[in-house]
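Here the structure is laid out as structure tokens; the discussion comes afterwards.
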Amino acid sequence: MEALEQLRFLTPAEVGQIAARWGTPVFVYDEATLRERARQALAFQAPFGLTVRYAMKANPNAQVLALFDQLGLAIDASSGYEATRALEAGISPRRILVTAQQMPRDLVSLVERGVLFNASSLHQLETFGGNFPGTEIGVRINPGVGSGHSHKTNVGGPASSFGIWHESVEEIKAVAAQHQLTITRLHTHIGSGTDPLVWTKVARLSLDQVRSFPSVTTMSLGGGFKVARMSYEKTTDLQEISQVVADALRVFAQETGRKLHLEIEPGTYLTANAGSLITTIDDLVATGSDGYKFLKLDSGMTDILRPTLYAAQHPLIVVNDRPSTPERYVVVGHCCESADLLTPHPDDSEVVATRPLQKAEIGDLLVIEGVGAYCASMSARHYNSFPRTPELLRRADGAVEEVTEP
Ligand SMILES: Cc1ncc(COP(=O)(O)O)c(C=O)c1O
């Protein structure tokens, strides 16, 4: 039987205290982990300067944004609304870059306030140029390949709508010339996992694109630094990856004389393992000798949608102090929806799989780990009309405060 997963930063006693005070379900974010991850990201080697932009879509809580801002991280916003949210959290406009699938409705006021913009399509470039001729802009290019862990997380290649297709260089130049735009930033987020060889390819592909644009001074590689949520998964070694990228930038500088500033945009890397979701086991049902034992939680896709969307695996820990041998369970959420499944088969989100867990009883607490990224921000929150789950921040000194936003 595979190993039982362990709590990440909370102690069993803290889990009980927080559940008693705030009820369940409840998210808890850990300031110490957020700080440590930010420190690691800021240590990314970049021979000619580095900006780490936090991909706020991972977790846009104002307290998380304020902490990262204080630590020196800038912001990657994925919509005009995210940019506005960052402004409301006190982030300076010049520290916010919008790279969005949907053109912000309030583009003009955002840019007039100082927010930066990356065009993700020719239409966006055209629209920006019409409103702000003679200014600087970035472009997001789809370099023709991608490497996300599934086709649902792949953000490059012919099956991806993200960015301007790499064969459209002349069209980009024509639109830029028409509006006297200077393209200063080139962005190529393709989702790239843990393999340094893949990153060598990503850096080469991105630099090949930069060659076509002599005015580009900043290359952005996007995010996609995979982290281990489950104990058997592997976390990207940022130092190793950055070595590969830094070498490529140095070689490029020797060849061309161009010393490019580097941007990275991690979301997952910074926040995933800084979040825990405390839930209660509300019910326990069994489906006979050929069936399964199901644990039903008081949470589910209303707080964590990743298992349903991507068959993502999250650590599940039953918190009780009864000594017992582990049992295998299927863990499900509280929605009237068979896809509300916390233990999907890793290869198919529609197939149930079992997990070894501490023997559980109705009323026990169960902690879902790895929920700091793309959980509170990406849930099916309104489904079945369940109320919003509170979010807490565990400060570096251990004090816990509520940081739920309206
Ligand atoms: C433009 C851009 N930057 C950054 C990220 C962050 O990726 P991750 O959270 O995997 O680091 C994404 C994710 O899709 C993205 O689209």
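Order determines the names: the first chain of the structure tokens is A, the second B, and so forth; residues in each chain are numbered 1 upward, and ligands are numbered 1 upward as they are shown.
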- Item | Nearby polymer residues, ligand 1, at most 9 Å, only C-alpha atoms and all ligand atoms, as a ChimeraX atom specification | /A:53-58,76-78,98-100,140,148,153-155,162,187-193,220-227,264-272,373-374
- Message: I need the residues of stretch 154-277 of chain A that end up classed as strand (DSSP E or B) by DSSP on the backbone, written out as a PyMOL selection string.
- Response: chain A and resi 164-165+182-187+218-220+261-264+275-277
Could you dump the residues just selected with N, CA and C atoms as a PDB file, in the first residue's frame?
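The file below, result-v2.pdb, is the result:
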ATOM      1  N   ILE A 164       0.101  34.848 -30.007  1.00  0.00           N
ATOM      2  CA  ILE A 164       0.070  35.049 -31.464  1.00  0.00           C
ATOM      3  C   ILE A 164       0.943  33.972 -32.109  1.00  0.00           C
ATOM      4  N   TRP A 165       0.406  33.317 -33.103  1.00  0.00           N
ATOM      5  CA  TRP A 165       1.096  32.186 -33.747  1.00  0.00           C
ATOM      6  C   TRP A 165       2.460  32.644 -34.242  1.00  0.00           C
ATOM      7  N   THR A 182       6.390  50.220 -30.077  1.00  0.00           N
ATOM      8  CA  THR A 182       7.694  49.572 -29.884  1.00  0.00           C
ATOM      9  C   THR A 182       7.479  48.318 -29.050  1.00  0.00           C
ATOM     10  N   ILE A 183       7.860  47.182 -29.642  1.00  0.00           N
ATOM     11  CA  ILE A 183       7.674  45.916 -28.917  1.00  0.00           C
ATOM     12  C   ILE A 183       8.911  45.671 -28.059  1.00  0.00           C
ATOM     13  N   THR A 184       8.723  45.801 -26.733  1.00  0.00           N
ATOM     14  CA  THR A 184       9.868  45.715 -25.823  1.00  0.00           C
ATOM     15  C   THR A 184       9.902  44.413 -25.028  1.00  0.00           C
ATOM     16  N   ARG A 185       8.772  43.709 -24.991  1.00  0.00           N
ATOM     17  CA  ARG A 185       8.729  42.478 -24.196  1.00  0.00           C
ATOM     18  C   ARG A 185       8.177  41.353 -25.055  1.00  0.00           C
ATOM     19  N   LEU A 186       8.835  40.205 -24.988  1.00  0.00           N
ATOM     20  CA  LEU A 186       8.327  39.043 -25.710  1.00  0.00           C
ATOM     21  C   LEU A 186       8.048  37.923 -24.708  1.00  0.00           C
ATOM     22  N   HIS A 187       6.855  37.373 -24.797  1.00  0.00           N
ATOM     23  CA  HIS A 187       6.375  36.443 -23.781  1.00  0.00           C
ATOM     24  C   HIS A 187       6.013  35.126 -24.454  1.00  0.00           C
ATOM     25  N   THR A 218      13.150  42.612 -22.988  1.00  0.00           N
ATOM     26  CA  THR A 218      12.749  41.702 -21.908  1.00  0.00           C
ATOM     27  C   THR A 218      12.168  40.443 -22.501  1.00  0.00           C
ATOM     28  N   MET A 219      12.665  39.308 -21.996  1.00  0.00           N
ATOM     29  CA  MET A 219      12.074  38.033 -22.414  1.00  0.00           C
ATOM     30  C   MET A 219      11.350  37.432 -21.210  1.00  0.00           C
ATOM     31  N   SER A 220      10.076  37.088 -21.411  1.00  0.00           N
ATOM     32  CA  SER A 220       9.304  36.473 -20.331  1.00  0.00           C
ATOM     33  C   SER A 220       9.023  35.019 -20.661  1.00  0.00           C
ATOM     34  N   HIS A 261      16.704  41.335 -20.195  1.00  0.00           N
ATOM     35  CA  HIS A 261      16.129  41.209 -18.853  1.00  0.00           C
ATOM     36  C   HIS A 261      15.190  40.000 -18.892  1.00  0.00           C
ATOM     37  N   LEU A 262      15.193  39.215 -17.819  1.00  0.00           N
ATOM     38  CA  LEU A 262      14.358  38.006 -17.788  1.00  0.00           C
ATOM     39  C   LEU A 262      13.178  38.198 -16.845  1.00  0.00           C
ATOM     40  N   GLU A 263      12.001  37.712 -17.298  1.00  0.00           N
ATOM     41  CA  GLU A 263      10.844  37.667 -16.395  1.00  0.00           C
ATOM     42  C   GLU A 263      10.371  36.231 -16.289  1.00  0.00           C
ATOM     43  N   ILE A 264       9.968  35.822 -15.092  1.00  0.00           N
ATOM     44  CA  ILE A 264       9.274  34.544 -14.921  1.00  0.00           C
ATOM     45  C   ILE A 264       7.960  34.843 -14.197  1.00  0.00           C
ATOM     46  N   GLY A 275      -1.023  26.198   1.098  1.00  0.00           N
ATOM     47  CA  GLY A 275      -2.452  26.224   1.428  1.00  0.00           C
ATOM     48  C   GLY A 275      -2.963  24.857   1.840  1.00  0.00           C
ATOM     49  N   SER A 276      -3.777  24.831   2.894  1.00  0.00           N
ATOM     50  CA  SER A 276      -4.441  23.602   3.345  1.00  0.00           C
ATOM     51  C   SER A 276      -5.933  23.885   3.435  1.00  0.00           C
ATOM     52  N   LEU A 277      -6.731  22.888   3.152  1.00  0.00           N
ATOM     53  CA  LEU A 277      -8.182  23.024   3.285  1.00  0.00           C
ATOM     54  C   LEU A 277      -8.644  22.027   4.347  1.00  0.00           C
TER      55      LEU A 277
END
- Item | Who sits within 9 Å of A:Ala43, only C-alpha atoms, same chain under 5 positions skipped, as a PyMOL selection string | chain A and resi 38+238-239+242
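Among the candidates A:Asn131, A:Thr325, A:Asn320, A:Thr11, the one nearest to A:Gly398 when counting only C-alpha atoms is A:Thr11.
Neighbours of stretch 280-288 of chain A closer than or equal to 6 Å, with only C-alpha atoms counted and sequence neighbours fewer than 6 positions away skipped, come out as A:Phe294, A:Leu295, A:Lys296, A:Leu297, A:Asp298, A:Ile362, A:Gly363, A:Asp364, A:Leu365, A:Leu366.
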Output N, CA and C atoms for every residue in that selection, as an mmCIF file, in the first residue's frame.
data_model
loop_
_atom_site.group_PDB
_atom_site.id
_atom_site.type_symbol
_atom_site.label_atom_id
_atom_site.label_comp_id
_atom_site.auth_asym_id
_atom_site.auth_seq_id
_atom_site.Cartn_x
_atom_site.Cartn_y
_atom_site.Cartn_z
ATOM 1 N N PHE A 294 -16.905 4.983 0.570
ATOM 2 C CA PHE A 294 -16.823 6.400 0.196
ATOM 3 C C PHE A 294 -16.814 7.275 1.444
ATOM 4 N N LEU A 295 -15.884 8.235 1.483
ATOM 5 C CA LEU A 295 -15.948 9.293 2.491
ATOM 6 C C LEU A 295 -16.546 10.518 1.812
ATOM 7 N N LYS A 296 -17.599 11.080 2.400
ATOM 8 C CA LYS A 296 -18.203 12.297 1.830
ATOM 9 C C LYS A 296 -17.794 13.487 2.684
ATOM 10 N N LEU A 297 -17.217 14.483 2.047
ATOM 11 C CA LEU A 297 -16.726 15.668 2.761
ATOM 12 C C LEU A 297 -17.766 16.778 2.767
ATOM 13 N N ASP A 298 -17.550 17.770 3.638
ATOM 14 C CA ASP A 298 -18.412 18.967 3.601
ATOM 15 C C ASP A 298 -17.804 20.022 2.669
ATOM 16 N N ILE A 362 -17.379 9.223 10.715
ATOM 17 C CA ILE A 362 -18.138 10.454 10.481
ATOM 18 C C ILE A 362 -17.785 11.457 11.580
ATOM 19 N N GLY A 363 -17.530 12.692 11.167
ATOM 20 C CA GLY A 363 -17.173 13.729 12.143
ATOM 21 C C GLY A 363 -15.677 13.973 12.236
ATOM 22 N N ASP A 364 -14.852 13.050 11.721
ATOM 23 C CA ASP A 364 -13.403 13.288 11.706
ATOM 24 C C ASP A 364 -13.077 14.456 10.771
ATOM 25 N N LEU A 365 -11.969 15.114 11.053
ATOM 26 C CA LEU A 365 -11.485 16.157 10.138
ATOM 27 C C LEU A 365 -10.608 15.520 9.073
ATOM 28 N N LEU A 366 -10.660 16.068 7.864
ATOM 29 C CA LEU A 366 -9.791 15.604 6.772
ATOM 30 C C LEU A 366 -9.178 16.846 6.124
#
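Here the question is which of A:Lys293, A:Asn384, A:Met301, A:Gly163 gets nearest to A:Thr354 using only C-alpha atoms, and that residue is A:Lys293.
Minimum atom-to-atom distances from A:Gln124, A:Thr279, A:Thr235, A:Thr302 to A:Met378 were compared using only C-alpha atoms, and the lowest value belongs to A:Thr302.
The spacing separating atom CA of A:Lys259 from atom CA of A:Ser120 amounts to 24.3 Å.
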- Would you work out the distance separating atom CA of A:Val351 from atom CA of A:Ile368, expressed in Å to one decimal?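 Separating atom CA of A:Val351 from atom CA of A:Ile368 is a distance of 19.7 Å.
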Using only C-alpha atoms, which residues of stretch 34-94 of chain A come within 8 Å of stretch 109-116 of chain A, and what is the closest atom pair for each, with the distance in Å to one decimal? Give it as a Markdown table, sorted by chain and residue number.
| residue | atom | partner | partner_atom | distance |
| --- | --- | --- | --- | --- |
| A:Gly80 | CA | A:Leu110 | CA | 7.7 |
| A:Ala83 | CA | A:Val115 | CA | 7.8 |
| A:Thr84 | CA | A:Leu110 | CA | 7.8 |
| A:Pro93 | CA | A:Val115 | CA | 4.6 |
| A:Arg94 | CA | A:Val115 | CA | 5.3 |
Would you mind exporting N, CA and C atoms of the selected residues as a PDB file, in the first residue's frame?
ATOM      1  N   GLY A  80      -8.448  42.098 -16.965  1.00  0.00           N
ATOM      2  CA  GLY A  80      -8.530  43.462 -16.464  1.00  0.00           C
ATOM      3  C   GLY A  80      -9.035  43.462 -15.022  1.00  0.00           C
ATOM      4  N   ALA A  83      -6.271  42.812 -12.690  1.00  0.00           N
ATOM      5  CA  ALA A  83      -5.437  44.016 -12.537  1.00  0.00           C
ATOM      6  C   ALA A  83      -6.092  44.984 -11.553  1.00  0.00           C
ATOM      7  N   THR A  84      -7.401  45.154 -11.681  1.00  0.00           N
ATOM      8  CA  THR A  84      -8.118  46.058 -10.773  1.00  0.00           C
ATOM      9  C   THR A  84      -8.020  45.552  -9.340  1.00  0.00           C
ATOM     10  N   PRO A  93       0.639  50.431 -10.139  1.00  0.00           N
ATOM     11  CA  PRO A  93       0.263  50.035 -11.506  1.00  0.00           C
ATOM     12  C   PRO A  93       1.437  49.562 -12.352  1.00  0.00           C
ATOM     13  N   ARG A  94       2.605  50.194 -12.202  1.00  0.00           N
ATOM     14  CA  ARG A  94       3.765  49.820 -13.037  1.00  0.00           C
ATOM     15  C   ARG A  94       4.274  48.422 -12.721  1.00  0.00           C
TER      16      ARG A  94
END
- Query: A:Asp303: which residues within 10 Å, counting only C-alpha atoms, same-chain residues fewer than 5 positions away excluded, as a ChimeraX atom specification?
  - Reply: /A:25-27,277,333,371,374-382,386,388-389
Using N, CA and C atoms, can you export the residues from the last selection as a PDB file, in the first residue's frame?
ATOM      1  N   PRO A  25     -15.903  23.816   5.840  1.00  0.00           N
ATOM      2  CA  PRO A  25     -14.531  23.848   5.355  1.00  0.00           C
ATOM      3  C   PRO A  25     -13.898  25.212   5.581  1.00  0.00           C
ATOM      4  N   VAL A  26     -12.567  25.213   5.623  1.00  0.00           N
ATOM      5  CA  VAL A  26     -11.854  26.487   5.788  1.00  0.00           C
ATOM      6  C   VAL A  26     -10.462  26.345   5.158  1.00  0.00           C
ATOM      7  N   PHE A  27     -10.076  27.363   4.387  1.00  0.00           N
ATOM      8  CA  PHE A  27      -8.721  27.408   3.806  1.00  0.00           C
ATOM      9  C   PHE A  27      -7.767  28.047   4.806  1.00  0.00           C
ATOM     10  N   LEU A 277      -6.731  22.888   3.152  1.00  0.00           N
ATOM     11  CA  LEU A 277      -8.182  23.024   3.285  1.00  0.00           C
ATOM     12  C   LEU A 277      -8.644  22.027   4.347  1.00  0.00           C
ATOM     13  N   GLY A 333     -16.797  14.824  -2.915  1.00  0.00           N
ATOM     14  CA  GLY A 333     -17.239  16.122  -2.430  1.00  0.00           C
ATOM     15  C   GLY A 333     -18.738  16.138  -2.164  1.00  0.00           C
ATOM     16  N   VAL A 371      -3.463  23.148  -1.672  1.00  0.00           N
ATOM     17  CA  VAL A 371      -4.605  23.907  -2.194  1.00  0.00           C
ATOM     18  C   VAL A 371      -4.369  25.423  -2.219  1.00  0.00           C
ATOM     19  N   TYR A 374      -4.883  27.775  -7.399  1.00  0.00           N
ATOM     20  CA  TYR A 374      -5.964  27.314  -8.289  1.00  0.00           C
ATOM     21  C   TYR A 374      -7.018  26.494  -7.537  1.00  0.00           C
ATOM     22  N   CYS A 375      -7.310  26.858  -6.291  1.00  0.00           N
ATOM     23  CA  CYS A 375      -8.398  26.176  -5.573  1.00  0.00           C
ATOM     24  C   CYS A 375      -9.444  27.219  -5.200  1.00  0.00           C
ATOM     25  N   ALA A 376      -9.178  28.052  -4.181  1.00  0.00           N
ATOM     26  CA  ALA A 376     -10.152  29.093  -3.845  1.00  0.00           C
ATOM     27  C   ALA A 376     -10.455  29.943  -5.082  1.00  0.00           C
ATOM     28  N   SER A 377      -9.433  30.161  -5.930  1.00  0.00           N
ATOM     29  CA  SER A 377      -9.614  31.053  -7.090  1.00  0.00           C
ATOM     30  C   SER A 377     -10.300  30.371  -8.270  1.00  0.00           C
ATOM     31  N   MET A 378     -10.405  29.050  -8.264  1.00  0.00           N
ATOM     32  CA  MET A 378     -10.880  28.357  -9.474  1.00  0.00           C
ATOM     33  C   MET A 378     -12.005  27.370  -9.171  1.00  0.00           C
ATOM     34  N   SER A 379     -12.686  27.560  -8.066  1.00  0.00           N
ATOM     35  CA  SER A 379     -13.680  26.564  -7.667  1.00  0.00           C
ATOM     36  C   SER A 379     -15.009  26.789  -8.377  1.00  0.00           C
ATOM     37  N   ALA A 380     -15.898  25.789  -8.275  1.00  0.00           N
ATOM     38  CA  ALA A 380     -17.268  25.927  -8.796  1.00  0.00           C
ATOM     39  C   ALA A 380     -18.125  26.486  -7.655  1.00  0.00           C
ATOM     40  N   ARG A 381     -17.710  27.667  -7.179  1.00  0.00           N
ATOM     41  CA  ARG A 381     -18.173  28.204  -5.910  1.00  0.00           C
ATOM     42  C   ARG A 381     -19.701  28.243  -5.738  1.00  0.00           C
ATOM     43  N   HIS A 382     -20.419  28.593  -6.768  1.00  0.00           N
ATOM     44  CA  HIS A 382     -21.855  28.804  -6.584  1.00  0.00           C
ATOM     45  C   HIS A 382     -22.682  27.536  -6.741  1.00  0.00           C
ATOM     46  N   PHE A 386     -23.806  26.309  -2.125  1.00  0.00           N
ATOM     47  CA  PHE A 386     -23.050  26.245  -0.871  1.00  0.00           C
ATOM     48  C   PHE A 386     -22.444  27.613  -0.586  1.00  0.00           C
ATOM     49  N   ARG A 388     -19.752  30.582   0.657  1.00  0.00           N
ATOM     50  CA  ARG A 388     -18.324  30.777   0.414  1.00  0.00           C
ATOM     51  C   ARG A 388     -17.493  30.265   1.604  1.00  0.00           C
ATOM     52  N   THR A 389     -16.386  29.606   1.286  1.00  0.00           N
ATOM     53  CA  THR A 389     -15.502  29.071   2.323  1.00  0.00           C
ATOM     54  C   THR A 389     -14.536  30.147   2.804  1.00  0.00           C
TER      55      THR A 389
END
Residues near stretch 305-309 of chain A, cut-off 6 Å, only C-alpha atoms, skip fewer than 2 positions along chain, as a PDB file with C-alpha atoms, in the first residue's frame:
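Now in result.pdb:
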ATOM      1  CA  MET A 301     -15.587  21.118  -6.212  1.00  0.00           C
ATOM      2  CA  ALA A 311      -7.490  14.363 -12.416  1.00  0.00           C
ATOM      3  CA  ALA A 312      -5.075  16.310 -10.194  1.00  0.00           C
ATOM      4  CA  ALA A 339     -17.498  14.305 -11.014  1.00  0.00           C
ATOM      5  CA  LEU A 342     -11.206  14.001  -4.682  1.00  0.00           C
ATOM      6  CA  SER A 349     -10.811  12.183 -13.940  1.00  0.00           C
ATOM      7  CA  SER A 379     -13.680  26.564  -7.667  1.00  0.00           C
TER       8      SER A 379
END
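Between atom CA of A:Arg85 and atom CA of A:Gly130 the separation is 25.7 Å.
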- Item | Sel. of alpha helix (DSSP H) residues, stretch 88-117 of chain A, as JSON, numbers by chain | {"A": [88, 107, 108, 109, 110, 111, 112, 113]}
Would you put the residues from that selection into a file with C-alpha atoms, as a JSON list (two decimals), in the first residue's frame?
[["chain", "number", "residue", "atom", "x", "y", "z"],
["A", 88, "GLU", "CA", -7.18, 47.63, -4.89],
["A", 107, "LEU", "CA", -8.02, 48.70, -21.02],
["A", 108, "VAL", "CA", -7.84, 52.46, -21.54],
["A", 109, "SER", "CA", -8.27, 53.42, -17.90],
["A", 110, "LEU", "CA", -5.92, 50.67, -16.72],
["A", 111, "VAL", "CA", -3.16, 51.70, -19.12],
["A", 112, "GLU", "CA", -3.71, 55.38, -18.34],
["A", 113, "ARG", "CA", -3.13, 54.50, -14.68]]
- Item | stretch 322-324 of chain A surroundings by only C-alpha atoms, 12 Å radius, close-in-sequence under 6 positions cut, as JSON, numbers by chain | {"A": [356, 357, 358, 359, 360, 361, 364]}
Would you mind exporting the chosen residues as a PDB file, in the first residue's frame, restricted to C-alpha atoms?
ATOM      1  CA  PRO A 356      -5.073   4.566   1.728  1.00  0.00           C
ATOM      2  CA  LEU A 357      -6.123   6.781   4.633  1.00  0.00           C
ATOM      3  CA  GLN A 358      -6.188   6.549   8.382  1.00  0.00           C
ATOM      4  CA  LYS A 359      -9.414   4.661   9.275  1.00  0.00           C
ATOM      5  CA  ALA A 360     -12.080   7.348   9.345  1.00  0.00           C
ATOM      6  CA  GLU A 361     -15.381   7.970  11.121  1.00  0.00           C
ATOM      7  CA  ASP A 364     -13.403  13.288  11.706  1.00  0.00           C
TER       8      ASP A 364
END
